[in-house]
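Peer 1: Have a look at this one.
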Amino acid sequence: MTPNECVNERLEMLSNMVRKGEPIGLLEVLEVIEYQEQLKQVRHKQKSNSFFSKIKRFLYLTDE
């Protein structure tokens with residue numbers, strides 16, 4: 001297991017603890033928030049690069 005996978009696994013575990021309402025430390029909370037924001041940005045990039053998103057952008061540009 002690579003160090004990056006280890007970190008992601010740890011952050012996923014901490015994220016699940018937050019979702020369940022289990023107490024974690026303040027620094028861990030900040031890590032989880034940063035991790036979730038990064039995931040949100042990655043998902044947004046993936047979504048905006050999808051085939052359907054490209055078609056929608058093309059159609060909106062050609063309406064003018």
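If you're wondering about the labels, chains in the structure tokens are A, B, ... by order shown, residues count from 1 in each chain, ligands from 1 in order shown.
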What's the 7 Å shell around region 29-34 of chain A, counting only C-alpha atoms, without same-chain residues fewer than 4 positions away, as a short mmCIF file (atom, residue, chain, number, x, y, z; two decimals) with C-alpha atoms, in the first residue's frame?
Peer 2:
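Listing of around-v1.cif after writing:
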```cif
data_model
loop_
_atom_site.label_atom_id
_atom_site.label_comp_id
_atom_site.auth_asym_id
_atom_site.auth_seq_id
_atom_site.Cartn_x
_atom_site.Cartn_y
_atom_site.Cartn_z
CA LEU A 11 -9.15 10.28 5.80
CA LEU A 14 -12.21 9.86 9.68
CA SER A 15 -14.86 11.14 7.26
CA ILE A 24 -12.51 13.19 16.57
CA GLY A 25 -9.80 15.74 17.24
CA GLN A 38 -10.44 18.34 -2.63
#
```
Peer 1: Can you measure CA of Tyr35 (chain A) to CA of Arg10 (chain A) for me? One decimal in Å is fine.
Peer 2: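 Interatomic distance, CA of Tyr35 (chain A) to CA of Arg10 (chain A): 10.7 Å.
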